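The file target_0.txt comes next; it holds compact mmCIF, C-alpha atoms.
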```
# COMPACT_ATOMS: atom_id res chain seq x y z
CA MET A 180 45.83 39.59 -3.94
CA ASP A 181 48.20 39.58 -6.79
CA GLY A 182 50.00 42.78 -6.43
CA ARG A 183 53.51 43.52 -7.29
CA THR A 184 56.06 45.31 -5.28
CA VAL A 185 58.60 47.38 -7.08
CA LEU A 186 61.50 48.56 -5.02
CA GLY A 187 62.59 51.69 -6.79
CA ARG A 188 66.05 52.79 -7.74
CA THR A 189 66.73 54.67 -4.61
CA ILE A 190 65.61 52.00 -2.24
CA GLU A 191 68.23 50.31 -0.23
CA ILE A 192 67.39 47.44 2.04
CA ASP A 193 69.76 45.77 4.42
CA GLY A 194 68.24 42.73 5.86
CA GLU A 195 65.56 40.40 4.81
CA ILE A 196 62.64 40.59 2.48
CA GLU A 197 59.90 38.08 2.61
CA GLY A 198 56.87 38.13 0.43
CA ALA A 199 54.09 36.32 -1.28
CA GLU A 200 53.90 38.56 -4.26
CA ASP A 201 56.05 39.40 -7.22
CA LEU A 202 59.02 41.51 -6.40
CA VAL A 203 60.93 43.75 -8.73
CA ILE A 204 64.16 45.14 -7.47
CA GLN A 205 65.53 48.28 -9.00
CA GLY A 206 67.53 49.35 -6.03
CA THR A 207 69.92 47.66 -3.69
CA VAL A 208 69.20 44.73 -1.47
CA ARG A 209 71.63 43.03 0.83
CA GLY A 210 70.76 40.04 2.86
CA ARG A 211 68.08 37.59 2.06
CA ILE A 212 65.10 37.38 -0.20
CA VAL A 213 62.42 34.80 0.26
CA SER A 214 59.50 34.86 -2.07
CA LYS A 215 56.71 32.56 -2.97
CA LYS A 216 56.32 34.27 -6.27
CA ASP A 217 58.72 35.73 -8.77
CA VAL A 218 61.68 37.93 -8.19
CA THR A 219 63.13 40.17 -10.86
CA VAL A 220 66.33 42.09 -10.58
CA ASP A 221 66.08 44.99 -12.97
CA ALA A 222 68.99 46.45 -14.83
CA SER A 223 69.53 49.02 -12.12
CA GLY A 224 69.15 46.52 -9.39
CA SER A 225 71.96 45.29 -7.28
CA VAL A 226 71.40 42.34 -5.04
CA GLU A 227 73.81 40.76 -2.66
CA ALA A 228 71.63 38.17 -1.12
CA VAL A 229 70.58 34.63 -0.83
CA VAL A 230 67.48 34.24 -2.89
CA SER A 231 64.76 31.70 -2.52
CA THR A 232 61.94 32.09 -4.94
CA HIS A 233 59.75 30.58 -7.57
CA ASN A 234 61.00 32.25 -10.71
CA LEU A 235 63.94 34.55 -10.89
CA SER A 236 64.95 36.92 -13.60
CA VAL A 237 68.25 38.69 -13.39
CA ASN A 238 68.86 41.72 -15.55
CA GLY A 239 71.08 43.50 -13.14
CA ARG A 240 73.58 42.31 -10.65
CA LEU A 241 73.16 39.45 -8.31
CA GLN A 242 75.65 38.00 -5.97
CA GLY A 243 74.45 35.16 -3.88
CA ASN A 244 73.10 31.69 -4.09
CA VAL A 245 69.75 31.07 -5.57
CA ASP A 246 67.25 28.41 -4.80
CA ALA A 247 64.31 28.43 -7.13
CA THR A 248 61.38 26.17 -7.69
CA GLY A 249 60.69 27.45 -11.16
CA ARG A 250 62.96 29.09 -13.61
CA VAL A 251 66.05 31.17 -13.27
CA GLU A 252 66.89 33.39 -16.15
CA ILE A 253 69.88 35.62 -16.51
CA GLY A 254 69.26 38.22 -19.15
CA ASP A 255 71.83 39.77 -21.39
CA SER A 256 72.41 42.59 -18.96
CA GLY A 257 72.50 40.24 -16.06
CA ARG A 258 75.57 39.63 -14.05
CA MET A 259 75.58 36.92 -11.51
CA ILE A 260 77.94 35.26 -9.17
CA GLY A 261 76.56 32.47 -7.10
CA ASP A 262 75.22 28.99 -7.23
CA VAL A 263 71.89 28.21 -8.75
CA LYS A 264 69.64 25.42 -7.83
CA ALA A 265 66.61 25.34 -10.03
CA PRO A 266 64.89 22.95 -12.35
CA ARG A 267 65.21 25.36 -15.25
CA VAL A 268 68.01 27.74 -15.95
CA VAL A 269 68.45 30.03 -18.89
CA LEU A 270 71.48 32.13 -19.62
CA ALA A 271 70.87 34.60 -22.37
CA ASP A 272 73.52 35.63 -24.78
CA GLY A 273 75.48 38.46 -23.27
CA SER A 274 74.93 37.51 -19.69
CA LYS A 275 77.78 36.90 -17.36
CA TYR A 276 77.76 34.21 -14.80
CA ARG A 277 80.00 32.47 -12.39
CA GLY A 278 78.99 29.65 -10.13
CA LYS A 279 77.53 26.24 -10.01
CA ILE A 280 74.30 25.23 -11.57
CA ASP A 281 72.23 22.34 -10.51
CA THR A 282 69.07 21.62 -12.42
CA ALA A 283 68.55 18.15 -11.20
CA GLN A 284 65.41 18.72 -9.32
CA GLU A 285 61.74 18.52 -9.67
CA GLU A 286 60.01 21.50 -11.01
CA GLN A 287 57.30 22.79 -8.78
CA ASP A 288 54.64 25.05 -9.93
CA MET N 160 88.96 50.95 -10.58
CA GLN N 161 87.44 52.31 -13.66
CA PRO N 162 85.36 55.38 -13.17
CA PRO N 163 81.86 54.18 -12.61
CA LYS N 164 80.39 56.56 -15.05
CA LYS N 165 78.91 54.12 -17.46
CA LYS N 166 76.82 51.23 -16.53
CA LYS N 167 79.56 48.86 -17.25
CA ARG N 168 79.99 45.73 -15.32
CA ASP N 169 83.08 45.81 -13.27
CA TRP N 170 83.84 42.29 -14.11
CA SER N 171 87.41 42.68 -13.12
CA GLU N 172 90.17 40.23 -13.67
CA ASP N 173 90.18 38.83 -10.23
CA GLY N 174 86.72 37.60 -10.74
CA THR N 175 85.09 39.52 -8.04
CA TRP N 176 82.97 42.22 -9.16
CA ASP N 177 82.81 45.49 -7.57
CA THR N 178 79.34 45.54 -6.29
CA ALA N 179 77.47 48.70 -6.26
CA ALA N 180 78.10 49.43 -2.68
CA LYS N 181 81.81 49.21 -3.01
CA ALA N 182 82.04 51.42 -6.01
CA SER N 183 83.42 54.84 -5.66
CA PRO N 184 80.81 57.40 -4.92
CA GLY N 185 81.50 59.28 -8.07
CA GLY N 186 78.94 57.72 -10.27
CA THR N 187 75.37 58.28 -9.54
CA GLU N 188 73.77 57.89 -12.85
CA ALA N 189 72.63 54.44 -13.47
CA ARG N 190 74.15 53.07 -10.36
CA THR N 191 72.15 54.10 -7.44
CA VAL N 192 74.78 53.14 -5.03
CA SER N 193 75.55 53.83 -1.49
CA VAL N 194 72.41 55.67 -0.84
CA SER N 195 72.82 57.59 2.27
CA LEU N 196 70.89 60.35 3.74
CA ASP N 197 73.86 62.59 3.53
CA GLY N 198 72.42 63.23 0.18
CA ALA N 199 75.60 64.10 -1.51
CA ARG N 200 76.29 60.79 -3.05
CA VAL N 201 72.89 59.92 -4.19
CA ALA N 202 70.83 60.90 -7.12
CA ALA N 203 67.45 61.02 -5.54
CA ALA N 204 64.53 59.97 -7.60
CA PRO N 205 62.46 62.66 -9.21
CA GLU N 206 59.54 63.95 -7.22
CA GLY N 207 56.65 61.67 -7.69
CA ALA N 208 58.63 58.51 -8.05
CA SER N 209 57.44 56.12 -5.49
CA THR N 210 57.85 52.64 -4.31
CA THR N 211 54.97 50.61 -3.05
CA ILE N 212 55.58 47.78 -0.68
CA GLY N 213 52.77 45.34 -1.08
CA PRO N 214 50.70 43.80 1.68
CA SER N 215 52.40 40.48 1.70
CA ILE N 216 55.91 41.83 1.97
CA VAL N 217 57.88 41.74 5.17
CA VAL N 218 61.11 43.67 5.34
CA ARG N 219 63.49 43.21 8.19
CA GLY N 220 66.61 45.14 8.87
CA ARG N 221 67.06 48.57 7.51
CA LEU N 222 65.42 50.44 4.72
CA ILE N 223 66.76 53.59 3.15
CA SER N 224 64.92 55.42 0.46
CA HIS N 225 65.20 58.52 -1.59
CA GLU N 226 61.80 58.35 -3.08
CA ASP N 227 58.28 58.31 -1.79
CA LEU N 228 57.30 55.15 -0.04
CA VAL N 229 53.87 53.63 0.27
CA VAL N 230 53.72 50.75 2.65
CA HIS N 231 50.98 48.17 2.72
CA GLY N 232 53.10 45.46 4.21
CA ARG N 233 55.16 44.98 7.25
CA ILE N 234 58.44 46.65 7.93
CA GLU N 235 60.42 45.47 10.87
CA ALA N 236 63.23 47.68 9.88
CA SER N 237 64.28 51.18 10.55
CA VAL N 238 63.04 53.42 7.82
CA ARG N 239 65.01 56.38 6.67
CA SER N 240 63.83 58.39 3.78
CA SER N 241 64.50 61.79 2.41
CA ARG N 242 61.03 61.79 0.96
CA ASP N 243 57.58 61.01 2.11
CA LEU N 244 56.19 57.94 3.71
CA ARG N 245 52.65 56.76 3.56
CA LEU N 246 51.64 53.90 5.73
CA GLU N 247 48.39 52.35 4.68
CA GLN N 248 45.82 50.65 6.81
CA SER N 249 47.34 47.23 6.38
CA GLY N 250 50.82 48.46 6.96
CA VAL N 251 52.86 47.92 10.05
CA ILE N 252 56.17 49.50 10.90
CA LEU N 253 57.95 48.22 13.94
CA ALA N 254 60.93 50.47 14.15
CA ASP N 255 61.99 54.05 14.05
CA ILE N 256 61.08 56.21 11.14
CA GLU N 257 63.01 59.17 9.87
CA VAL N 258 61.46 60.82 6.89
CA ARG N 259 60.61 64.08 5.31
CA SER N 260 56.95 63.69 5.94
CA ALA N 261 54.79 60.82 7.06
CA THR N 262 51.13 60.05 6.67
CA ILE N 263 50.22 57.24 8.95
CA ASN N 264 47.09 55.20 8.58
CA GLY N 265 48.41 51.98 10.00
CA ILE N 266 50.33 50.70 12.94
CA VAL N 267 53.61 52.11 14.08
CA VAL N 268 55.55 50.95 17.08
CA GLY N 269 58.55 53.14 17.09
CA SER N 270 59.41 56.76 16.98
CA ILE N 271 58.57 58.96 14.06
CA ARG N 272 60.81 61.79 13.18
CA ALA N 273 60.07 64.05 10.27
CA THR N 274 61.63 67.16 8.96
CA ASP N 275 58.40 68.33 7.47
CA ARG N 276 55.18 66.98 8.79
CA VAL N 277 53.47 64.03 10.34
CA GLU N 278 49.84 63.21 9.96
CA LEU N 279 48.03 60.50 11.84
CA THR N 280 44.80 59.70 10.13
CA ALA N 281 41.80 57.98 11.60
CA GLY N 282 43.21 54.51 11.24
CA ALA N 283 46.55 55.27 12.77
CA ARG N 284 47.70 53.36 15.79
CA VAL N 285 50.97 54.69 17.01
CA VAL N 286 53.06 53.92 20.04
CA GLY N 287 56.19 55.95 20.08
CA ASP N 288 57.42 59.47 20.05
CA ILE N 289 56.79 61.94 17.32
CA ASP N 290 59.25 64.60 16.45
CA ALA N 291 58.12 66.94 13.70
CA PRO N 292 57.59 70.61 13.15
CA MET N 293 54.07 70.06 12.03
CA LEU N 294 51.70 67.47 13.29
CA VAL N 295 48.13 66.66 12.49
CA VAL N 296 46.22 64.07 14.41
CA GLN N 297 42.84 63.23 13.01
CA ASP N 298 39.85 62.12 14.92
CA GLY N 299 40.06 58.41 15.50
CA ALA N 300 43.79 58.08 15.59
CA LYS N 301 45.21 56.36 18.60
CA PHE N 302 48.49 57.47 19.95
CA ARG N 303 50.70 57.02 22.92
CA GLY N 304 53.99 58.74 23.23
CA GLU N 305 55.68 62.02 23.42
CA ILE N 306 55.35 64.78 20.93
CA ASP N 307 57.99 67.28 20.24
CA MET N 308 57.36 69.90 17.66
CA ALA N 309 60.35 72.02 18.32
CA GLY N 310 62.23 70.01 15.80
CA LEU N 311 65.21 72.24 15.98
CA GLU N 312 68.47 71.19 17.39
CA GLY N 313 69.83 73.41 20.02
CA LEU N 314 66.51 74.86 20.87
CA GLU N 315 65.54 71.77 22.75
CA ARG N 316 63.78 72.29 25.98
CA SER N 317 66.02 74.78 27.64
CA PRO N 318 63.98 77.87 26.91
CA ARG N 319 61.09 76.29 28.64
CA PRO N 320 62.10 75.52 32.16
CA SER N 321 58.54 74.53 32.72
CA ALA N 322 59.02 71.54 30.59
CA ALA N 323 61.76 70.16 32.74
CA ALA N 324 60.05 71.06 35.92
CA SER N 325 56.66 69.84 35.12
CA ARG N 326 57.73 66.78 33.29
CA PRO N 327 58.11 64.69 36.38
CA ALA N 328 54.65 65.60 37.42
CA PRO N 329 52.45 65.43 34.45
CA LYS N 330 49.39 65.40 36.56
CA PRO N 331 46.23 65.51 34.64
CA GLU N 332 44.00 68.33 35.56
CA PRO N 333 42.19 67.23 38.66
CA LYS N 334 38.85 68.27 37.39
CA ALA N 335 39.03 68.04 33.72
CA ALA N 336 41.57 65.34 33.53
CA LYS N 337 40.10 63.32 30.76
CA PRO N 338 40.07 65.61 27.83
CA ARG N 339 43.50 66.98 28.47
CA PRO N 340 45.72 64.11 27.66
CA ALA N 341 44.08 63.69 24.31
CA PRO N 342 46.38 64.72 21.56
CA ALA N 343 45.27 67.81 19.80
CA PRO N 344 46.53 69.20 16.57
CA VAL N 345 47.79 72.22 18.30
CA PRO N 346 51.37 73.22 18.71
CA MET N 347 50.63 73.87 22.33
CA ILE N 348 50.96 70.27 22.96
CA ALA N 349 54.63 70.56 22.41
CA ALA N 350 56.79 68.95 24.99
CA ALA N 351 53.84 67.74 26.89
CA THR N 352 53.58 64.18 27.78
CA VAL N 353 50.52 62.84 26.14
CA GLU N 354 49.06 59.76 27.59
CA MET N 355 45.98 58.14 26.26
CA SER N 356 45.68 55.54 28.91
CA ASP N 357 46.87 55.63 32.44
CA PRO N 358 47.68 58.99 33.86
CA GLY N 359 51.32 58.15 33.87
CA ASP N 360 53.79 58.52 36.61
CA GLU N 361 53.00 60.92 39.26
CA PRO N 362 55.75 61.09 41.74
CA GLU N 363 53.47 63.08 43.87
CA PRO N 364 50.81 61.28 45.67
CA GLU N 365 48.82 64.39 45.67
CA PRO N 366 45.16 63.72 46.10
CA PRO N 367 43.12 64.67 43.11
CA PRO N 368 40.80 67.12 44.82
CA VAL N 369 41.48 70.65 44.13
CA VAL N 370 41.23 71.65 47.70
CA ILE N 371 44.83 72.09 48.42
CA PRO N 372 45.19 75.65 49.44
CA PRO N 373 44.56 75.51 53.15
CA SER N 374 47.23 72.98 53.84
CA ARG N 375 49.55 74.43 51.36
CA PRO N 376 51.14 77.08 53.46
CA SER N 377 52.76 74.41 55.53
CA ALA N 378 54.46 72.92 52.61
CA PRO N 379 58.17 73.26 53.02
CA ALA N 380 58.98 73.89 49.47
CA SER N 381 56.43 76.54 49.52
CA GLY N 382 55.72 77.28 46.01
CA PRO N 383 55.24 80.74 44.92
CA SER N 384 51.59 80.43 45.51
CA VAL N 385 52.04 79.91 49.17
CA ALA N 386 54.41 82.61 50.13
CA PRO N 387 52.95 85.90 51.07
CA PRO N 388 54.75 87.62 48.30
CA ALA N 389 52.40 85.95 45.97
CA PRO N 390 51.85 89.09 44.07
CA SER N 391 55.48 89.26 43.31
CA GLN N 392 55.31 85.99 41.58
CA PRO N 393 53.44 86.72 38.46
CA ALA N 394 53.92 83.28 37.14
CA VAL N 395 52.16 81.61 39.95
CA ALA N 396 48.69 81.59 38.63
CA PRO N 397 48.24 82.86 35.20
CA ARG N 398 44.59 82.85 35.73
CA VAL N 399 44.75 84.49 39.03
CA ARG N 400 46.94 87.40 38.61
CA ARG N 401 45.48 89.24 41.46
CA PRO N 402 47.71 89.28 44.45
CA GLU N 403 45.16 87.60 46.57
CA THR N 404 45.58 85.85 49.78
CA VAL N 405 47.77 82.87 49.91
CA GLY N 406 45.01 80.37 50.02
CA ALA N 407 43.08 82.02 47.35
CA SER N 408 45.90 82.39 45.00
CA ALA N 409 46.83 78.88 45.53
CA GLY N 410 43.49 77.41 45.02
CA SER N 411 41.24 79.83 43.37
CA ALA N 412 41.60 78.15 40.12
CA PRO N 413 42.21 74.57 39.35
CA ALA N 414 45.25 75.37 37.36
CA PRO N 415 47.18 77.01 40.10
CA ALA N 416 46.27 74.23 42.41
CA ALA N 417 47.80 71.71 40.19
CA SER N 418 50.70 73.90 39.51
CA ALA N 419 51.13 74.72 43.11
CA SER N 420 51.45 71.15 43.99
CA SER N 421 53.75 70.45 41.19
CA SER N 422 55.89 73.40 41.91
CA ALA N 423 55.89 72.55 45.54
CA SER N 424 56.99 69.10 44.87
CA SER N 425 59.53 69.90 42.33
CA ASP N 426 60.60 72.93 44.20
CA ALA N 427 61.12 74.56 40.97
CA ALA N 428 60.73 78.03 39.71
CA PRO N 429 57.29 79.46 39.44
CA SER N 430 57.30 78.81 35.76
CA PRO N 431 55.64 75.42 35.96
CA SER N 432 52.44 77.10 36.76
CA LYS N 433 52.86 79.16 33.70
CA ARG N 434 51.68 76.15 31.88
CA GLY N 435 48.99 75.61 34.38
CA TRP N 436 46.37 77.01 32.16
CA PHE N 437 46.80 74.10 29.93
CA SER N 438 47.44 72.16 32.91
CA LEU N 439 49.40 69.14 32.34
CA GLY N 440 51.84 70.10 34.98
```

Please express what this file holds, its structure, as structure tokens.
Amino acid sequence: MDGRTVLGRTIEIDGEIEGAEDLVIQGTVRGRIVSKKDVTVDASGSVEAVVSTHNLSVNGRLQGNVDATGRVEIGDSGRMIGDVKAPRVVLADGSKYRGKIDTAQEEQD
Amino acid sequence: MQPPKKKKRDWSEDGTWDTAAKASPGGTEARTVSVSLDGARVAAAPEGASTTIGPSIVVRGRLISHEDLVVHGRIEASVRSSRDLRLEQSGVILADIEVRSATINGIVVGSIRATDRVELTAGARVVGDIDAPMLVVQDGAKFRGEIDMAGLEGLERSPRPSAAASRPAPKPEPKAAKPRPAPAPVPMIAAATVEMSDPGDEPEPEPPPVVIPPSRPSAPASGPSVAPPAPSQPAVAPRVRRPETVGASAGSAPAPAASASSSASSDAAPSPSKRGWFSLG
């Protein structure tokens, strides 16, 4: 079932999130995120976690290493510190990033 | 640090950025930081805002929320919310829950504490204690645990000595044992130990039959029912207020019998039998 979970602004999770559906984070997550689908950090989102996902879109704050099988995009309101390992990485104008990027890997759909 | 009023990135010179959690509690506009149930520092979401946790999501650790929560997935984390929680049929929560109100239609293994109300609907399967001022258990719900509807600190169990006394001997009614333990949406069930399965611990190996009275008088810890001054003990048998003979007062009604034994065993005040009429002790 292709639902979508949106963790609202006032949600705070300390620990681990695992899922097989799209995840939109508008609140705070600390720990670990493992997803088979896409993860989006909204502008109000604040994530301090290791992220393993298919696609990732960062429009808020993310601190942690990312391992993606698809595409990692840091939007203009995105702020990220951490290493990225993904076949495709996009940093939009206005974004802020610090870390290592490694795109030398096979893209998996 | 700069006042966190605007949604500006604290991309400070030293390269580390002040993550939300470390920011000073002053700003609560765009930065929903440091949510805590103290309430003061958090701008709770407007009524109606809700988060849905989908069926394939598993959350482990700790979850704090200031908006309504609908759970279809699995939460192996303690849940604290100042709003309402709704656990759907496919949802599972394996930890303690502290919310404003909870509507449970899934599985909960853990205690539920609400400031407002708890409702277990037909699909609810709950193992754990429930602590809420208002409780509704619908037909079909399965529950095992303790219910406390006092919900007020300081008023705990002290005013009801019966609770303490009868707690160790939550004997099911000898005759009508079965229906009793079933949870009922009645405040009366407060402080009673509700068991759906085995009758629980009975420190007293008292035989089920009601016929206790004759032998009772020999009981050392002669409960109020046994002593001649039965009449002076109004609490002995609520049903049998008549100052009858010892035997009669002790066994004329099933309730006093159970209470007699329990009071005898616990050697407690006559009050245990006060609850005899609803006879879990």

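Using all atoms listed in the file, the nearest neighbour of chain A within the list N:Val218, N:Leu244, N:Val238, N:Ala208 is N:Val218.
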
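With atom CA of Pro214 of chain N on one side and atom CA of Gly243 of chain A on the other, the separation reads 25.9 Å.
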
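Interatomic distance, atom CA of Asp290 of chain N against atom CA of Arg219 of chain N: 23.3 Å.
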
Handout entry: 7 Å contacts from chain A to chain N using all atoms listed in the file, as a PyMOL selection string
Key = chain A and resi 182-200+206+223+225

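As for atom CA of Asp255 of chain N and atom CA of Asp298 of chain N, they are spaced 23.6 Å apart.
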
Exercise for the section: Find the residues around Ala228 of chain A up to 12 Å (all atoms listed in the file counted), leave out those fewer than 5 positions away in its own chain, and share them as number ranges by chain. Expected result: A: 192-196, 207-213, 220, 240-246, 259-262; N: 178

Handout entry: Long-range neighbours of segment 256-258 of chain A as a PyMOL selection string, 6 Å cut-off, only C-alpha atoms, 3 positions minimum in chain
Key = chain A and resi 237-240+253+274-276

Around all the atoms of segment 237-251 of chain A listed in the file, with 5 Å of room on each side, what axis-aligned box do you get, giving centre and edge lengths in Å to one decimal, as JSON?
```
{"center_x": 68.2, "center_y": 34.8, "center_z": -9.7, "size_x": 25.0, "size_y": 27.3, "size_z": 21.7}
```

Completion exercise
From the list A:Val218, A:Gln287, A:Ser236, A:Thr248, the nearest residue to Ala271 of chain A using all atoms listed in the file is A:Ser236
